[in-house]
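The block underneath contains the structure these notes are about, expressed in structure tokens.
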Amino acid sequence: MSQLKLSEEGWSNQTIFILAAIGSAVGLGNLWKFPYITGENGGGAFVLVYLACILLIGIPVLLSELALGRAGQANPVQSMANLSRQNSASPLWFLLGLNGVLAAALILSFYTVVAGWGAAYFFESLQGAFIDITPDQAGTHFEGLLHNPYELMFWHSALSLLTAIVVAKGVKSGIERAISFLMPGLLLILLVLLGYATTTGAFGQSFGFLFYPDFTKLSWAAVLTAMGHAFFTLSIGLGTMMVYGSYLSRKHSIVKAGMWIAFADTLVALLAGLVIFSIVFANGLQAGSGPGLLFQTLPIAFGQMTGGWFFGTLFFALVVMAALSSSISLLEPAVSWFEQNWDIKRLKAAWLLGFIIWVVGIGSVLSFNDWADVHFLGERNFFESVDFLTANIMLPLGGLLISVFVAWVMKQEQRYAEIELEQGAMKWLLMDLRWIAPVAILIVFATNLVGAESTWVMVTVALVVYAVYVVNAIRNGHLNG
Ligand code: PHE
């Protein structure tokens, strides 16, 4: 990993890059996870905490990750190797890149499975399967899908295939082309659904649910969920934004791009929430029904309402399109690593990696049926284990190390060269990256590792370790700025 390899292909222009990064950020996290965790955690107060997390942790880490990619000029592994050399830091920093590439691949393995539920529902909705469906039938329907490994396999394969096809074609003729029809489509569908939501008669109630904070409903666990979700929804903490940043030309502004990405991602999550809860409340259904909100609760509403066939089908089309623009970005880090460091042609790399990740995904398919009781990490089945490992360990770890690298290790000139901020704003960013983001992440991380009971022990240990690291490094003059 000694020679400096550059990402040769770049984005055609800044707009398409921003769209692609928004495409990565907007996905199942916005349409499926955000609404159901908001519903489970009582609405308004949770949304407020989530917004604070986006602002205080999400945006700073997003800017940092894009900066690392553009400064490193290569896939995440090579970028970190390049950056550690440029900043005379430990060569082991390449592990941060490797963690990202692996986490993205692991997330992709189950992402296509869940996106597959959306695809199945799209076709079923199209055929009128949800017309007049009762709550019981909707429940049985969803369980029927989960208990049918062949059907899950079919959709998992279809989405994996589509992802590999796009990535195999490369940045310009694959990713950009897919994005330029997926993103306008997504926006259009969301606006049509929003228009519909205002006619349901429950739009005001939905608005109140999302924006009226009732802090009695907020728990410590909800705060942790919000923080974890801020990472997942912005696609940060792993190699995705780094690799997208590496294709970004020096002419363009990382700050502007980062703000657009965070703004659009948050807007889509809030709009999706408004649409979904309007439909849920208008039909007298429960907001807190958990992961089944999208697949069990919404179909009942679509089945009851006028025009439900049309809006339901449109809704699941939105889910699939949003998922696809994210799954592409999950395959790209590994493919660019294979291409640049292992000299494997993109076409071959995309198919090979797509295949390996598809095989791993079979474990998640089976978790809902034949392997439901086969445990991997602790009491978790395969799907839950991969989800836990990535969302609770690899993402926060990646986010933590990204903040530490940019805030403590990177040279001041490089920071200013990548993140075009005025001195005052840069000071704020650095303070955030040094103290707020890492400490918050350490707390989430510690809790996720040991469970809420012994959190305080772990948090204290983690904070002490961080403090020792910082003090020691300052004393040895290894830190910049
Ligand atoms: N941000 C995507 C979503 O909200 C998921 C994702 C995570 C995509 C990490 C890429 C990298 O669904």
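Letters A, B, ... go to the chains of the structure tokens in the order shown; residues in each chain start at 1; ligands are counted from 1 in the same order.
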
| request: Extract, using only C-alpha atoms, all DNA, RNA and protein residues at most 8 Å from region 416-425 of chain A, discarding same-chain residues fewer than 6 positions from it, and format them as a ChimeraX atom specification. | output: /A:63-64,67,70-71,253-255

| task | May I ask you to write as a PyMOL selection string all residues lying at most 7 Å from ligand 1, with only C-alpha atoms and all ligand atoms counted? | result | chain A and resi 24-30+104+232-236+238+240+323+326-327+329-330

| What gap, in Å, lies between CA of Phe281 (chain A) and CA of Met227 (chain A)? | 26.8 Å

| request: Please provide as a ChimeraX atom specification all residues within 12 Å of Phe46 (chain A), with the sequence filter that same-chain residues fewer than 2 positions apart are discarded (counting only C-alpha atoms). | output: /A:34-44,48-53,209-227,229

| query | Interatomic distance between CA of Gly23 (chain A) and CA of Ser325 (chain A)? | reply |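 It comes out at 4.9 Å.
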
| So how far away is CA of Ala120 (chain A) from CA of Thr266 (chain A), in Å? | 26.6 Å

For region 172-178 of chain A, list every protein, DNA or RNA residue within 8 Å, evaluated using only C-alpha atoms, and leave out those in the same chain fewer than 2 positions away; present the list as a short mmCIF file (atom, residue, chain, number, x, y, z; two decimals) with all heavy atoms, in the first residue's frame.
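Dumped everything to around_38.cif:
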```cif
data_model
loop_
_atom_site.label_atom_id
_atom_site.label_comp_id
_atom_site.auth_asym_id
_atom_site.auth_seq_id
_atom_site.Cartn_x
_atom_site.Cartn_y
_atom_site.Cartn_z
N GLU A 9 -11.65 8.42 -12.06
CA GLU A 9 -12.91 8.90 -12.57
C GLU A 9 -13.52 9.88 -11.58
O GLU A 9 -13.41 9.68 -10.37
CB GLU A 9 -13.86 7.71 -12.75
CG GLU A 9 -14.70 7.83 -13.97
CD GLU A 9 -15.77 6.75 -14.03
OE1 GLU A 9 -15.79 5.85 -13.20
OE2 GLU A 9 -16.60 6.86 -14.91
N GLY A 10 -14.15 10.94 -12.07
CA GLY A 10 -14.75 11.88 -11.14
C GLY A 10 -16.18 12.18 -11.52
O GLY A 10 -16.68 11.70 -12.54
N TRP A 11 -16.86 12.99 -10.69
CA TRP A 11 -18.22 13.39 -11.02
C TRP A 11 -18.20 14.41 -12.16
O TRP A 11 -17.29 15.22 -12.25
CB TRP A 11 -18.88 14.05 -9.81
CG TRP A 11 -18.90 13.18 -8.59
CD1 TRP A 11 -18.12 13.32 -7.48
CD2 TRP A 11 -19.72 12.04 -8.36
NE1 TRP A 11 -18.42 12.34 -6.57
CE2 TRP A 11 -19.40 11.54 -7.08
CE3 TRP A 11 -20.72 11.39 -9.10
CZ2 TRP A 11 -20.03 10.42 -6.53
CZ3 TRP A 11 -21.34 10.28 -8.55
CH2 TRP A 11 -20.99 9.81 -7.29
N SER A 12 -19.25 14.40 -12.99
CA SER A 12 -19.32 15.36 -14.09
C SER A 12 -19.44 16.79 -13.58
O SER A 12 -18.89 17.71 -14.14
CB SER A 12 -20.52 15.09 -14.98
OG SER A 12 -20.44 13.79 -15.47
N ILE A 16 -24.44 16.86 -9.73
CA ILE A 16 -24.66 15.41 -9.79
C ILE A 16 -24.03 14.73 -8.58
O ILE A 16 -24.56 13.77 -8.04
CB ILE A 16 -24.18 14.80 -11.14
CG1 ILE A 16 -24.71 13.37 -11.31
CG2 ILE A 16 -22.69 14.79 -11.26
CD1 ILE A 16 -26.13 13.30 -11.76
N ALA A 20 -26.03 12.48 -5.96
CA ALA A 20 -25.64 11.10 -5.66
C ALA A 20 -25.46 10.92 -4.16
O ALA A 20 -25.87 9.89 -3.59
CB ALA A 20 -24.35 10.74 -6.40
N ILE A 165 -25.08 -4.14 -11.33
CA ILE A 165 -25.09 -3.66 -12.72
C ILE A 165 -24.70 -2.18 -12.76
O ILE A 165 -23.85 -1.76 -13.54
CB ILE A 165 -26.48 -3.85 -13.38
CG1 ILE A 165 -26.75 -5.34 -13.60
CG2 ILE A 165 -26.58 -3.09 -14.70
CD1 ILE A 165 -28.13 -5.65 -14.16
N VAL A 166 -25.31 -1.39 -11.89
CA VAL A 166 -25.03 0.05 -11.89
C VAL A 166 -23.58 0.33 -11.52
O VAL A 166 -22.87 1.08 -12.20
CB VAL A 166 -25.98 0.80 -10.92
CG1 VAL A 166 -25.57 2.25 -10.77
CG2 VAL A 166 -27.42 0.70 -11.38
N VAL A 167 -23.11 -0.31 -10.45
CA VAL A 167 -21.74 -0.04 -9.99
C VAL A 167 -20.71 -0.54 -11.00
O VAL A 167 -19.68 0.09 -11.21
CB VAL A 167 -21.52 -0.64 -8.58
CG1 VAL A 167 -20.08 -0.48 -8.14
CG2 VAL A 167 -22.45 0.04 -7.58
N ALA A 168 -21.01 -1.66 -11.67
CA ALA A 168 -20.08 -2.21 -12.65
C ALA A 168 -19.82 -1.21 -13.77
O ALA A 168 -18.74 -1.17 -14.36
CB ALA A 168 -20.63 -3.51 -13.24
N LYS A 169 -20.80 -0.39 -14.07
CA LYS A 169 -20.65 0.56 -15.17
C LYS A 169 -19.80 1.78 -14.80
O LYS A 169 -19.44 2.58 -15.67
CB LYS A 169 -22.03 1.04 -15.66
CG LYS A 169 -22.75 0.00 -16.48
CD LYS A 169 -24.01 0.62 -17.05
CE LYS A 169 -24.89 -0.34 -17.80
NZ LYS A 169 -24.27 -1.01 -18.91
N GLY A 170 -19.54 1.98 -13.52
CA GLY A 170 -18.65 3.08 -13.14
C GLY A 170 -19.38 4.33 -12.70
O GLY A 170 -20.62 4.37 -12.71
N SER A 180 -29.56 10.21 -11.91
CA SER A 180 -30.28 11.31 -12.55
C SER A 180 -31.70 10.92 -12.92
O SER A 180 -32.49 11.79 -13.25
CB SER A 180 -29.49 11.88 -13.73
OG SER A 180 -29.14 10.84 -14.58
N PHE A 181 -32.04 9.63 -12.86
CA PHE A 181 -33.48 9.39 -12.99
C PHE A 181 -34.12 8.98 -11.66
O PHE A 181 -35.29 9.27 -11.41
CB PHE A 181 -33.78 8.43 -14.16
CG PHE A 181 -34.02 7.00 -13.76
CD1 PHE A 181 -35.30 6.57 -13.46
CD2 PHE A 181 -32.97 6.10 -13.69
CE1 PHE A 181 -35.52 5.26 -13.09
CE2 PHE A 181 -33.19 4.80 -13.31
CZ PHE A 181 -34.47 4.38 -13.00
N LEU A 182 -33.33 8.42 -10.75
CA LEU A 182 -33.91 8.02 -9.46
C LEU A 182 -34.30 9.24 -8.60
O LEU A 182 -35.38 9.28 -8.01
CB LEU A 182 -32.92 7.17 -8.65
CG LEU A 182 -32.69 5.73 -9.11
CD1 LEU A 182 -31.59 5.08 -8.27
CD2 LEU A 182 -33.98 4.91 -8.99
N SER A 325 -30.66 3.85 -4.66
CA SER A 325 -29.61 4.88 -4.72
C SER A 325 -28.70 4.80 -3.49
O SER A 325 -27.58 5.32 -3.51
CB SER A 325 -30.21 6.28 -4.87
OG SER A 325 -31.04 6.57 -3.78
N ILE A 328 -26.32 1.33 -4.11
CA ILE A 328 -25.20 1.59 -5.03
C ILE A 328 -24.01 2.13 -4.23
O ILE A 328 -22.87 1.71 -4.41
CB ILE A 328 -25.60 2.68 -6.05
CG1 ILE A 328 -26.79 2.26 -6.88
CG2 ILE A 328 -24.45 3.06 -6.92
CD1 ILE A 328 -27.35 3.42 -7.71
#
```
